[in-house]
$ cat coords_0.tsv   # TSV, C-alpha atoms
chain	number	residue	atom	x	y	z
A	1	MET	CA	-21.38	49.30	-62.42
A	2	ARG	CA	-24.30	47.37	-60.95
A	3	LEU	CA	-23.30	44.24	-62.89
A	4	HIS	CA	-19.76	44.50	-61.51
A	5	THR	CA	-21.03	44.84	-57.93
A	6	PHE	CA	-23.43	41.93	-58.34
A	7	THR	CA	-20.65	39.75	-59.73
A	8	SER	CA	-18.32	40.65	-56.85
A	9	ARG	CA	-20.95	39.79	-54.30
A	10	MET	CA	-21.61	36.43	-55.96
A	11	LEU	CA	-17.91	35.62	-56.01
A	12	ALA	CA	-17.57	36.55	-52.32
A	13	ALA	CA	-20.56	34.41	-51.37
A	14	GLY	CA	-19.15	31.46	-53.30
A	15	ALA	CA	-15.84	31.84	-51.56
A	16	ALA	CA	-17.58	31.90	-48.19
A	17	VAL	CA	-19.43	28.71	-49.03
A	18	LEU	CA	-16.20	27.04	-50.08
A	19	LEU	CA	-14.49	28.19	-46.90
A	20	GLY	CA	-17.41	26.92	-44.87
A	21	LEU	CA	-17.20	23.54	-46.53
A	22	ALA	CA	-13.50	23.43	-45.89
A	23	GLY	CA	-14.14	24.28	-42.26
A	24	CYS	CA	-16.66	21.48	-41.97
A	25	LYS	CA	-14.18	19.04	-43.40
A	26	HIS	CA	-11.56	20.22	-40.91
A	27	ASP	CA	-13.98	19.73	-38.01
A	28	ALA	CA	-14.74	16.22	-39.23
A	29	ASP	CA	-11.03	15.47	-39.23
A	30	LEU	CA	-10.98	16.29	-35.50
A	31	VAL	CA	-13.52	13.64	-34.63
A	32	ASP	CA	-11.84	10.80	-32.71
A	33	PRO	CA	-11.80	7.81	-35.08
A	34	GLU	CA	-12.14	5.53	-32.03
A	35	GLY	CA	-15.50	7.05	-31.20
A	36	PRO	CA	-16.64	9.34	-28.40
A	37	VAL	CA	-14.85	9.22	-25.06
A	38	VAL	CA	-17.09	7.81	-22.34
A	39	LYS	CA	-16.67	9.23	-18.84
A	40	PRO	CA	-15.46	6.50	-16.45
A	41	THR	CA	-17.69	5.28	-13.62
A	42	ALA	CA	-16.91	6.33	-10.05
A	43	TYR	CA	-15.65	3.63	-7.68
A	44	VAL	CA	-16.73	4.01	-4.05
A	45	LEU	CA	-14.66	2.38	-1.31
A	46	ASP	CA	-16.56	0.45	1.34
A	47	VAL	CA	-14.97	1.53	4.62
A	48	PRO	CA	-16.05	0.44	8.13
A	49	ARG	CA	-17.62	3.10	10.34
A	50	TYR	CA	-14.89	2.67	13.01
A	51	PHE	CA	-12.02	3.30	10.58
A	52	PRO	CA	-10.40	6.75	10.54
A	53	THR	CA	-11.84	9.25	8.07
A	54	LEU	CA	-10.80	8.29	4.57
A	55	PRO	CA	-8.28	10.83	3.22
A	56	ALA	CA	-9.38	12.72	0.14
A	57	GLU	CA	-8.43	11.20	-3.18
A	58	PRO	CA	-5.95	13.14	-5.30
A	59	ALA	CA	-7.91	15.66	-7.36
A	60	ASP	CA	-6.26	14.44	-10.56
A	61	ASN	CA	-6.77	10.75	-9.82
A	62	PRO	CA	-10.23	9.93	-8.48
A	63	LEU	CA	-11.16	6.28	-8.12
A	64	THR	CA	-13.04	4.89	-11.11
A	65	GLN	CA	-14.11	1.37	-11.97
A	66	GLU	CA	-12.15	1.53	-15.22
A	67	GLY	CA	-9.03	2.92	-13.52
A	68	VAL	CA	-9.12	0.28	-10.79
A	69	ALA	CA	-9.59	-2.51	-13.35
A	70	LEU	CA	-6.62	-1.22	-15.34
A	71	GLY	CA	-4.50	-0.93	-12.20
A	72	ARG	CA	-5.33	-4.50	-11.27
A	73	GLN	CA	-4.21	-5.63	-14.72
A	74	LEU	CA	-0.96	-3.68	-14.37
A	75	PHE	CA	-0.33	-5.04	-10.87
A	76	TYR	CA	-0.02	-8.52	-12.39
A	77	GLU	CA	1.73	-7.35	-15.60
A	78	LYS	CA	5.24	-8.79	-16.03
A	79	ALA	CA	6.02	-6.63	-19.08
A	80	LEU	CA	6.85	-3.84	-16.62
A	81	SER	CA	10.01	-5.77	-15.67
A	82	LEU	CA	13.20	-6.06	-17.70
A	83	ASN	CA	12.92	-9.80	-18.37
A	84	SER	CA	9.10	-10.00	-18.36
A	85	GLN	CA	9.26	-12.44	-15.44
A	86	VAL	CA	8.49	-10.18	-12.47
A	87	ALA	CA	5.35	-8.19	-11.66
A	88	CYS	CA	4.26	-6.22	-8.62
A	89	ALA	CA	2.32	-9.35	-7.66
A	90	SER	CA	5.50	-11.42	-7.64
A	91	CYS	CA	6.53	-9.83	-4.34
A	92	HIS	CA	2.98	-9.12	-3.18
A	93	ARG	CA	0.94	-12.33	-3.24
A	94	GLN	CA	-2.69	-12.07	-2.25
A	95	GLU	CA	-2.77	-15.32	-0.28
A	96	LEU	CA	0.05	-13.94	1.91
A	97	ALA	CA	-1.69	-10.61	2.49
A	98	PHE	CA	0.35	-9.24	-0.43
A	99	THR	CA	3.77	-10.20	0.90
A	100	ASP	CA	5.99	-12.97	-0.53
A	101	GLY	CA	7.02	-15.12	2.43
A	102	LEU	CA	10.72	-14.26	2.01
A	103	ALA	CA	13.12	-12.48	4.32
A	104	ARG	CA	14.24	-10.39	1.37
A	105	SER	CA	12.38	-10.17	-1.89
A	106	VAL	CA	13.78	-11.45	-5.17
A	107	GLY	CA	13.84	-9.37	-8.34
A	108	VAL	CA	14.79	-9.96	-11.97
A	109	ALA	CA	17.48	-12.58	-12.61
A	110	GLY	CA	17.09	-13.81	-9.02
A	111	THR	CA	18.67	-10.72	-7.45
A	112	GLN	CA	17.94	-10.30	-3.75
A	113	THR	CA	16.66	-6.94	-2.53
A	114	ARG	CA	17.79	-5.14	0.62
A	115	ARG	CA	14.51	-5.56	2.50
A	116	SER	CA	11.41	-7.68	2.79
A	117	SER	CA	8.24	-6.85	0.90
A	118	MET	CA	5.68	-4.97	2.95
A	119	ALA	CA	2.10	-6.14	3.27
A	120	LEU	CA	-0.42	-4.17	1.22
A	121	SER	CA	-3.69	-3.22	2.86
A	122	ASN	CA	-5.49	-0.02	3.84
A	123	LEU	CA	-2.89	2.01	1.94
A	124	ALA	CA	-5.25	4.94	1.38
A	125	TRP	CA	-4.47	6.07	4.94
A	126	GLU	CA	-0.68	5.83	4.68
A	127	PRO	CA	1.02	9.26	4.31
A	128	LYS	CA	4.38	7.68	3.44
A	129	LEU	CA	5.25	4.31	1.93
A	130	MET	CA	8.14	1.86	1.78
A	131	TRP	CA	10.06	0.81	4.88
A	132	ASP	CA	12.08	4.03	4.80
A	133	GLY	CA	9.33	6.45	3.76
A	134	SER	CA	10.97	7.13	0.42
A	135	ALA	CA	7.58	7.40	-1.34
A	136	THR	CA	5.19	10.15	-0.29
A	137	GLY	CA	2.13	8.77	-2.07
A	138	LEU	CA	0.83	5.85	-4.07
A	139	GLU	CA	1.17	7.74	-7.36
A	140	SER	CA	4.94	8.00	-6.85
A	141	GLN	CA	5.57	4.70	-5.04
A	142	ALA	CA	5.23	2.25	-7.93
A	143	ARG	CA	8.04	3.87	-9.92
A	144	LEU	CA	10.58	2.89	-7.25
A	145	PRO	CA	10.33	-0.92	-7.50
A	146	ILE	CA	9.80	-0.79	-11.27
A	147	GLU	CA	13.05	1.11	-11.84
A	148	ASN	CA	15.08	-0.36	-8.97
A	149	PRO	CA	17.93	-2.47	-10.47
A	150	LEU	CA	17.41	-5.10	-7.76
A	151	GLU	CA	13.68	-5.39	-8.37
A	152	MET	CA	11.98	-4.97	-11.77
A	153	HIS	CA	14.99	-3.15	-13.27
A	154	GLN	CA	13.31	-1.34	-16.14
A	155	SER	CA	12.67	2.33	-16.75
A	156	LEU	CA	9.01	3.18	-16.56
A	157	SER	CA	9.26	4.77	-20.00
A	158	ALA	CA	10.41	1.45	-21.47
A	159	GLY	CA	7.57	-0.35	-19.75
A	160	VAL	CA	5.07	2.16	-21.13
A	161	ALA	CA	6.41	1.62	-24.64
A	162	ARG	CA	5.91	-2.12	-24.27
A	163	LEU	CA	2.33	-1.60	-23.06
A	164	GLN	CA	1.63	0.75	-25.96
A	165	ALA	CA	2.70	-1.93	-28.44
A	166	THR	CA	0.14	-4.42	-27.15
A	167	SER	CA	-3.30	-4.98	-28.62
A	168	THR	CA	-5.07	-4.67	-25.26
A	169	TYR	CA	-3.64	-1.86	-23.14
A	170	PRO	CA	-4.34	1.19	-25.37
A	171	ALA	CA	-8.08	0.49	-25.20
A	172	LEU	CA	-7.95	-0.05	-21.43
A	173	PHE	CA	-6.13	3.24	-20.91
A	174	ARG	CA	-8.67	5.00	-23.12
A	175	LYS	CA	-11.53	3.69	-20.98
A	176	ALA	CA	-9.79	4.77	-17.79
A	177	PHE	CA	-8.21	8.07	-18.83
A	178	GLY	CA	-9.81	9.08	-22.13
A	179	SER	CA	-6.78	8.45	-24.35
A	180	SER	CA	-5.24	5.37	-25.90
A	181	THR	CA	-1.83	7.04	-25.70
A	182	ILE	CA	-0.22	5.46	-22.66
A	183	THR	CA	1.79	7.72	-20.35
A	184	GLU	CA	3.96	7.12	-17.33
A	185	ALA	CA	1.70	9.30	-15.19
A	186	ASN	CA	-1.44	7.37	-16.09
A	187	THR	CA	0.31	4.05	-15.53
A	188	LEU	CA	1.20	5.12	-12.00
A	189	LYS	CA	-2.27	6.53	-11.42
A	190	ALA	CA	-3.92	3.26	-12.40
A	191	LEU	CA	-1.68	1.24	-10.09
A	192	ALA	CA	-2.41	3.68	-7.27
A	193	GLN	CA	-6.15	3.37	-7.82
A	194	PHE	CA	-6.06	-0.42	-7.55
A	195	GLU	CA	-3.90	-0.32	-4.43
A	196	ARG	CA	-6.30	2.10	-2.72
A	197	THR	CA	-9.04	-0.49	-3.01
A	198	LEU	CA	-7.07	-3.07	-0.97
A	199	VAL	CA	-9.13	-2.57	2.18
A	200	SER	CA	-8.84	-5.28	4.83
A	201	SER	CA	-11.65	-5.01	7.38
A	202	ASN	CA	-13.27	-8.40	8.01
A	203	SER	CA	-11.09	-10.23	10.52
A	204	ARG	CA	-12.48	-11.65	13.75
A	205	TYR	CA	-11.02	-8.56	15.41
A	206	ASP	CA	-13.22	-6.44	13.12
A	207	GLN	CA	-16.26	-8.49	14.04
A	208	PHE	CA	-15.39	-7.84	17.68
A	209	LEU	CA	-15.12	-4.10	17.01
A	210	ASN	CA	-18.51	-4.28	15.30
A	211	GLY	CA	-20.09	-5.47	18.53
A	212	ASN	CA	-19.82	-9.25	18.30
A	213	ARG	CA	-18.29	-9.98	21.71
A	214	THR	CA	-18.13	-13.71	20.97
A	215	ALA	CA	-15.85	-13.17	17.96
A	216	LEU	CA	-12.81	-13.46	20.26
A	217	THR	CA	-12.27	-16.16	22.87
A	218	ALA	CA	-11.58	-15.24	26.49
A	219	THR	CA	-7.86	-15.89	25.95
A	220	GLU	CA	-7.80	-13.71	22.83
A	221	GLN	CA	-9.59	-10.91	24.66
A	222	GLU	CA	-7.02	-11.12	27.45
A	223	GLY	CA	-4.36	-10.89	24.76
A	224	LEU	CA	-6.06	-7.79	23.34
A	225	VAL	CA	-6.00	-6.11	26.75
A	226	LEU	CA	-2.30	-6.89	27.15
A	227	PHE	CA	-1.63	-5.76	23.58
A	228	THR	CA	-3.20	-2.34	24.09
A	229	THR	CA	-1.92	-1.68	27.65
A	230	HIS	CA	1.23	0.24	28.54
A	231	PRO	CA	2.62	-1.39	31.69
A	232	ASP	CA	2.79	0.47	34.97
A	233	PRO	CA	4.24	-1.83	37.63
A	234	LEU	CA	3.83	0.75	40.40
A	235	LYS	CA	0.07	0.51	39.81
A	236	ARG	CA	0.24	-3.23	39.15
A	237	ILE	CA	-0.93	-2.71	35.57
A	238	ARG	CA	0.56	-5.32	33.28
A	239	GLY	CA	0.80	-4.75	29.55
A	240	GLY	CA	2.50	-5.76	26.36
A	241	ASN	CA	3.11	-2.19	25.18
A	242	CYS	CA	2.22	-3.10	21.58
A	243	GLY	CA	-0.59	-0.61	21.10
A	244	ASP	CA	1.68	2.40	21.59
A	245	CYS	CA	2.78	1.99	17.97
A	246	HIS	CA	0.26	-0.49	16.55
A	247	SER	CA	-2.78	1.51	17.53
A	248	GLY	CA	-6.38	1.83	16.44
A	249	PRO	CA	-8.28	-0.20	13.87
A	250	LEU	CA	-5.55	0.27	11.27
A	251	GLN	CA	-3.06	-1.36	13.67
A	252	THR	CA	-0.45	1.33	13.04
A	253	ASN	CA	0.15	4.89	14.19
A	254	LEU	CA	1.36	5.74	10.65
A	255	THR	CA	4.77	6.91	11.88
A	256	PHE	CA	8.38	5.68	11.93
A	257	SER	CA	10.15	4.11	14.88
A	258	ASN	CA	13.41	2.48	15.99
A	259	ASN	CA	12.35	-0.67	17.81
A	260	GLY	CA	15.76	-1.66	19.10
A	261	LEU	CA	16.80	-4.34	16.64
A	262	ASP	CA	20.52	-3.50	16.65
A	263	ALA	CA	22.91	-1.56	18.84
A	264	ALA	CA	25.02	-0.77	15.76
A	265	LEU	CA	22.99	0.30	12.73
A	266	THR	CA	23.67	-1.30	9.36
A	267	ASP	CA	20.54	0.16	7.69
A	268	LEU	CA	19.70	3.78	8.50
A	269	GLY	CA	16.11	3.46	7.30
A	270	LEU	CA	14.32	6.82	7.40
A	271	GLY	CA	17.58	8.56	8.26
A	272	ALA	CA	19.02	7.70	4.85
A	273	ILE	CA	16.11	9.55	3.25
A	274	THR	CA	15.91	12.62	5.48
A	275	GLY	CA	19.60	12.96	6.25
A	276	GLN	CA	18.69	13.59	9.89
A	277	ALA	CA	20.70	11.69	12.49
A	278	SER	CA	17.63	11.63	14.71
A	279	ASP	CA	15.90	9.44	12.10
A	280	ASN	CA	18.63	6.82	11.87
A	281	GLY	CA	17.37	3.30	12.46
A	282	LYS	CA	13.73	4.28	12.18
A	283	PHE	CA	11.42	2.29	9.92
A	284	ARG	CA	7.78	2.57	9.02
A	285	VAL	CA	5.49	1.07	11.65
A	286	PRO	CA	3.67	-1.60	9.64
A	287	SER	CA	0.07	-2.50	10.19
A	288	LEU	CA	-0.34	-5.78	12.06
A	289	ARG	CA	-3.43	-6.71	10.10
A	290	ASN	CA	-3.02	-10.22	8.67
A	291	ILE	CA	0.24	-10.47	10.60
A	292	ALA	CA	-0.01	-14.24	10.97
A	293	LEU	CA	0.30	-14.49	7.17
A	294	THR	CA	3.24	-12.18	6.62
A	295	ALA	CA	6.25	-13.94	8.17
A	296	PRO	CA	9.19	-13.51	8.30
A	297	TYR	CA	9.13	-10.23	10.21
A	298	MET	CA	10.90	-6.85	10.36
A	299	HIS	CA	12.40	-4.91	7.46
A	300	ASP	CA	15.06	-7.54	6.94
A	301	GLY	CA	12.94	-10.60	7.74
A	302	ARG	CA	15.12	-11.64	10.66
A	303	PHE	CA	12.34	-13.15	12.80
A	304	PRO	CA	10.75	-16.34	11.42
A	305	ASN	CA	7.61	-16.37	13.57
A	306	LEU	CA	5.48	-14.40	16.02
A	307	ASP	CA	7.04	-16.10	19.03
A	308	SER	CA	10.47	-14.77	18.04
A	309	VAL	CA	9.01	-11.29	17.60
A	310	MET	CA	7.58	-11.43	21.11
A	311	ALA	CA	10.93	-12.65	22.43
A	312	HIS	CA	12.62	-9.62	20.87
A	313	TYR	CA	10.32	-7.08	22.48
A	314	ASN	CA	10.26	-8.90	25.78
A	315	GLU	CA	13.90	-9.84	26.23
A	316	HIS	CA	16.23	-8.68	23.47
A	317	VAL	CA	15.66	-4.98	22.69
A	318	ALA	CA	19.04	-3.31	22.09
A	319	LEU	CA	18.78	-0.54	24.67
A	320	GLY	CA	21.94	1.15	23.40
A	321	THR	CA	20.67	1.71	19.88
A	322	PRO	CA	20.46	5.35	18.75
A	323	ASN	CA	16.94	6.84	18.66
A	324	LEU	CA	15.28	3.93	20.44
A	325	ASP	CA	11.57	4.64	20.71
A	326	PRO	CA	11.00	6.06	24.22
A	327	GLN	CA	7.80	4.07	24.65
A	328	ILE	CA	9.86	0.91	24.25
A	329	GLN	CA	12.74	2.15	26.37
A	330	VAL	CA	10.64	2.81	29.45
A	331	ALA	CA	8.27	-0.15	29.18
A	332	SER	CA	8.59	-2.83	31.86
A	333	ASN	CA	6.26	-4.92	33.97
A	334	THR	CA	8.85	-4.92	36.76
A	335	VAL	CA	9.58	-1.96	39.06
A	336	GLY	CA	12.96	-0.62	37.91
A	337	GLY	CA	13.11	-3.25	35.17
A	338	THR	CA	15.05	-2.86	31.93
A	339	ARG	CA	13.08	-5.46	29.99
A	340	LEU	CA	9.39	-5.82	29.28
A	341	ASP	CA	9.23	-8.90	31.53
A	342	LEU	CA	6.02	-10.52	30.30
A	343	THR	CA	5.39	-14.08	31.42
A	344	ARG	CA	5.34	-16.95	28.95
A	345	ALA	CA	1.55	-17.18	29.32
A	346	GLU	CA	1.12	-13.45	28.65
A	347	LYS	CA	3.22	-13.63	25.49
A	348	ALA	CA	1.12	-16.55	24.28
A	349	LYS	CA	-2.08	-14.60	24.87
A	350	ILE	CA	-0.80	-11.67	22.80
A	351	VAL	CA	0.14	-14.03	19.96
A	352	ALA	CA	-3.33	-15.56	20.18
A	353	PHE	CA	-4.84	-12.10	19.75
A	354	LEU	CA	-2.55	-11.31	16.81
A	355	ARG	CA	-3.92	-14.34	14.97
A	356	THR	CA	-7.43	-12.83	15.16
A	357	LEU	CA	-6.24	-10.06	12.81
A	358	THR	CA	-6.30	-12.44	9.84
A	359	ASP	CA	-8.90	-11.42	7.26
A	360	SER	CA	-9.69	-14.56	5.27
A	361	THR	CA	-12.07	-12.71	2.94
A	362	PHE	CA	-9.36	-10.21	2.02
A	363	ILE	CA	-6.89	-12.85	0.89
A	364	ARG	CA	-9.57	-14.56	-1.22
A	365	ASP	CA	-11.40	-11.53	-2.59
A	366	PRO	CA	-11.74	-12.04	-6.37
A	367	ARG	CA	-11.56	-8.25	-6.92
A	368	PHE	CA	-7.89	-8.36	-5.97
A	369	ALA	CA	-6.93	-11.58	-7.75
A	370	LYS	CA	-5.09	-11.93	-11.04
A	371	PRO	CA	-7.49	-11.02	-13.90

$ encode --input "coords_0.tsv" --output "structure tokens"
Amino acid sequence: MRLHTFTSRMLAAGAAVLLGLAGCKHDADLVDPEGPVVKPTAYVLDVPRYFPTLPAEPADNPLTQEGVALGRQLFYEKALSLNSQVACASCHRQELAFTDGLARSVGVAGTQTRRSSMALSNLAWEPKLMWDGSATGLESQARLPIENPLEMHQSLSAGVARLQATSTYPALFRKAFGSSTITEANTLKALAQFERTLVSSNSRYDQFLNGNRTALTATEQEGLVLFTTHPDPLKRIRGGNCGDCHSGPLQTNLTFSNNGLDAALTDLGLGAITGQASDNGKFRVPSLRNIALTAPYMHDGRFPNLDSVMAHYNEHVALGTPNLDPQIQVASNTVGGTRLDLTRAEKAKIVAFLRTLTDSTFIRDPRFAKP
């Protein structure tokens, strides 16, 4: 009886040892053959003190050095387009403040898009993107041009598969997101991270805001006063009425407006997205930072230069257009006037100020250039 018990105990112990060894082998199988995952390094944006408070980063997509580097690589990656000839950077060139110099952008096979490419800077503050507000955040925005038949014309899933098949991207995704398996979500997150770093804040206007009163000439300062002033002819206050929409250091009020381009609307803009008649003809108010570099102007590129833009606001606003911005409708430097009625000299001073918004360091910053 004792011998039988002893033998049973020995057999049980042996089985436990074997099971333990098997368990150890199983645990070893779970070890990532690519080595341990290293936590990415935080990336801190350098934002001027006079800028608005930086909105919180998405909880699931904090800025990291590895994520930003990957996003930069993807921004210039043509494999995300159907014919491998178009990248995000094709329509957003750094030397043009990330526009392309065209009235309407050109996609794969030379197809022309419906609208001009918007400048890219200080996007972390923008609640909605695209001319019509069709993207509600950077993580969702990039999918639209990638999959648009007139732009990059390729499903994001197909682009991800092409990235996965490369010898370089799996390792870059692993550094940024902890896995060499490339996903659509992480592709969009990386692009969003890079675009959040596109901060433009070193123009002569910025130097002026920082206390350097000699950064702008007397004429440019007079242009700034006109730019920011709403006219009141009864009080003999002359103004260009620009700052009502292009306000603050970001040079935009982050809203949508109908600025009286057409009496009859051919592009509903925001209204096509919301379905609200009150939004018809409204487009995103773009920042005027680097504006001297981003011609032609408006959503359809109809104005070739800043002088023609000033002529529109001063003399050619379509007062009968639906939903015309009330700040434009009531603005005049003449008592009872129906036009803005700036003088030629005043318009020239405003244009002179606008040219001080050019940030030469931004358009040459190697952190934003093609890797």

$ residues_around --input "coords_0.tsv" --residues "Asp100 (chain A)" --least-positions-apart "5" --cutoff "6 Å" --atoms "only C-alpha atoms" --output "list of chain:residue names"
A:Cys91, A:His92, A:Arg93

$ residues_around --input "coords_0.tsv" --residues "Leu123 (chain A)" --least-positions-apart "2" --cutoff "12 Å" --atoms "only C-alpha atoms" --output "PyMOL selection string"
chain A and resi 54-55+57+98+118-121+125-130+136-139+141+192-200+250+252+254+286-287+289

$ residues_around --input "coords_0.tsv" --residues "Leu74 (chain A)" --least-positions-apart "3" --cutoff "10 Å" --atoms "all atoms listed in the file" --output "VMD selection string"
chain A and resid 68 to 71 77 to 80 87 to 89 163 169 187 to 188 190 to 191 194 370 to 371

$ write_last_selection --input "coords_0.tsv" --atoms "C-alpha atoms" --output "mmCIF file, in the frame of the given file"
data_model
loop_
_atom_site.group_PDB
_atom_site.id
_atom_site.type_symbol
_atom_site.label_atom_id
_atom_site.label_comp_id
_atom_site.auth_asym_id
_atom_site.auth_seq_id
_atom_site.Cartn_x
_atom_site.Cartn_y
_atom_site.Cartn_z
ATOM 1 C CA VAL A 68 -9.120 0.280 -10.790
ATOM 2 C CA ALA A 69 -9.590 -2.510 -13.350
ATOM 3 C CA LEU A 70 -6.620 -1.220 -15.340
ATOM 4 C CA GLY A 71 -4.500 -0.930 -12.200
ATOM 5 C CA GLU A 77 1.730 -7.350 -15.600
ATOM 6 C CA LYS A 78 5.240 -8.790 -16.030
ATOM 7 C CA ALA A 79 6.020 -6.630 -19.080
ATOM 8 C CA LEU A 80 6.850 -3.840 -16.620
ATOM 9 C CA ALA A 87 5.350 -8.190 -11.660
ATOM 10 C CA CYS A 88 4.260 -6.220 -8.620
ATOM 11 C CA ALA A 89 2.320 -9.350 -7.660
ATOM 12 C CA LEU A 163 2.330 -1.600 -23.060
ATOM 13 C CA TYR A 169 -3.640 -1.860 -23.140
ATOM 14 C CA THR A 187 0.310 4.050 -15.530
ATOM 15 C CA LEU A 188 1.200 5.120 -12.000
ATOM 16 C CA ALA A 190 -3.920 3.260 -12.400
ATOM 17 C CA LEU A 191 -1.680 1.240 -10.090
ATOM 18 C CA PHE A 194 -6.060 -0.420 -7.550
ATOM 19 C CA LYS A 370 -5.090 -11.930 -11.040
ATOM 20 C CA PRO A 371 -7.490 -11.020 -13.900
#

$ closest_residue --input "coords_0.tsv" --among "A:His316, A:Leu354, A:Pro170, A:Gly281" --to "Cys242 (chain A)" --atoms "all atoms listed in the file"
A:Leu354

$ closest_residue --input "coords_0.tsv" --among "A:Tyr205, A:Phe177, A:Tyr50, A:Tyr43" --to "Asp359 (chain A)" --atoms "all atoms listed in the file"
A:Tyr205

$ atom_distance --input "coords_0.tsv" --atom1 "CA of Gln154 (chain A)" --atom2 "CA of Ala171 (chain A)"
23.3 Å

$ residues_around --input "coords_0.tsv" --residues "Asp300 (chain A)" --least-positions-apart "2" --cutoff "10 Å" --atoms "only C-alpha atoms" --output "mmCIF file with C-alpha atoms, in the frame of the given file"
data_model
loop_
_atom_site.group_PDB
_atom_site.id
_atom_site.type_symbol
_atom_site.label_atom_id
_atom_site.label_comp_id
_atom_site.auth_asym_id
_atom_site.auth_seq_id
_atom_site.Cartn_x
_atom_site.Cartn_y
_atom_site.Cartn_z
ATOM 1 C CA LEU A 102 10.720 -14.260 2.010
ATOM 2 C CA ALA A 103 13.120 -12.480 4.320
ATOM 3 C CA ARG A 104 14.240 -10.390 1.370
ATOM 4 C CA SER A 105 12.380 -10.170 -1.890
ATOM 5 C CA THR A 113 16.660 -6.940 -2.530
ATOM 6 C CA ARG A 114 17.790 -5.140 0.620
ATOM 7 C CA ARG A 115 14.510 -5.560 2.500
ATOM 8 C CA SER A 116 11.410 -7.680 2.790
ATOM 9 C CA SER A 117 8.240 -6.850 0.900
ATOM 10 C CA TRP A 131 10.060 0.810 4.880
ATOM 11 C CA ASP A 267 20.540 0.160 7.690
ATOM 12 C CA PRO A 296 9.190 -13.510 8.300
ATOM 13 C CA TYR A 297 9.130 -10.230 10.210
ATOM 14 C CA MET A 298 10.900 -6.850 10.360
ATOM 15 C CA ARG A 302 15.120 -11.640 10.660
ATOM 16 C CA PHE A 303 12.340 -13.150 12.800
#

$ atom_distance --input "coords_0.tsv" --atom1 "CA of Ile363 (chain A)" --atom2 "CA of Ser257 (chain A)"
27.8 Å

$ closest_residue --input "coords_0.tsv" --among "A:Thr356, A:Ala292, A:Ile146, A:Val317" --to "Ala97 (chain A)" --atoms "all atoms listed in the file"
A:Ala292

$ residues_around --input "coords_0.tsv" --residues "Arg339 (chain A)" --least-positions-apart "4" --cutoff "9 Å" --atoms "only C-alpha atoms" --output "PDB file with C-alpha atoms, in the coordinates of the input"
ATOM      1  CA  TYR A 313      10.320  -7.080  22.480  1.00  0.00           C
ATOM      2  CA  ASN A 314      10.260  -8.900  25.780  1.00  0.00           C
ATOM      3  CA  GLU A 315      13.900  -9.840  26.230  1.00  0.00           C
ATOM      4  CA  HIS A 316      16.230  -8.680  23.470  1.00  0.00           C
ATOM      5  CA  VAL A 317      15.660  -4.980  22.690  1.00  0.00           C
ATOM      6  CA  GLN A 329      12.740   2.150  26.370  1.00  0.00           C
ATOM      7  CA  VAL A 330      10.640   2.810  29.450  1.00  0.00           C
ATOM      8  CA  ALA A 331       8.270  -0.150  29.180  1.00  0.00           C
ATOM      9  CA  SER A 332       8.590  -2.830  31.860  1.00  0.00           C
ATOM     10  CA  ASN A 333       6.260  -4.920  33.970  1.00  0.00           C
ATOM     11  CA  THR A 334       8.850  -4.920  36.760  1.00  0.00           C
TER      12      THR A 334
END

$ atom_distance --input "coords_0.tsv" --atom1 "CA of Phe368 (chain A)" --atom2 "CA of Asn202 (chain A)"
15.0 Å

$ residues_near_point --input "coords_0.tsv" --point "(-0.9, 5.3, -20.0)" --cutoff "8 Å" --atoms "all atoms listed in the file" --output "list in words"
Val160, Gln164, Pro170, Phe173, Phe177, Ser179, Ser180, Thr181, Ile182, Thr183, Glu184, Ala185, Asn186 and Thr187 of chain A

$ closest_residue --input "coords_0.tsv" --among "A:Gln85, A:Ser90, A:Ser201, A:Gln112" --to "Leu45 (chain A)" --atoms "only C-alpha atoms"
A:Ser201

$ build_atoms --input "coords_0.tsv" --residues "region 189-196 of chain A" --atoms "N, CA and C atoms" --output "tab-separated table (two decimals), keeping the file's coordinate frame"
chain	number	residue	atom	x	y	z
A	189	LYS	N	-0.95	6.23	-11.97
A	189	LYS	CA	-2.27	6.53	-11.42
A	189	LYS	C	-3.14	5.29	-11.35
A	190	ALA	N	-3.11	4.47	-12.38
A	190	ALA	CA	-3.92	3.26	-12.40
A	190	ALA	C	-3.48	2.29	-11.30
A	191	LEU	N	-2.18	2.10	-11.15
A	191	LEU	CA	-1.68	1.24	-10.09
A	191	LEU	C	-2.10	1.76	-8.72
A	192	ALA	N	-2.02	3.07	-8.54
A	192	ALA	CA	-2.41	3.68	-7.27
A	192	ALA	C	-3.89	3.46	-6.99
A	193	GLN	N	-4.72	3.58	-8.02
A	193	GLN	CA	-6.15	3.37	-7.82
A	193	GLN	C	-6.43	1.95	-7.33
A	194	PHE	N	-5.84	0.96	-7.98
A	194	PHE	CA	-6.06	-0.42	-7.55
A	194	PHE	C	-5.60	-0.62	-6.11
A	195	GLU	N	-4.44	-0.10	-5.77
A	195	GLU	CA	-3.90	-0.32	-4.43
A	195	GLU	C	-4.74	0.36	-3.35
A	196	ARG	N	-5.41	1.45	-3.70
A	196	ARG	CA	-6.30	2.10	-2.72
A	196	ARG	C	-7.51	1.25	-2.39
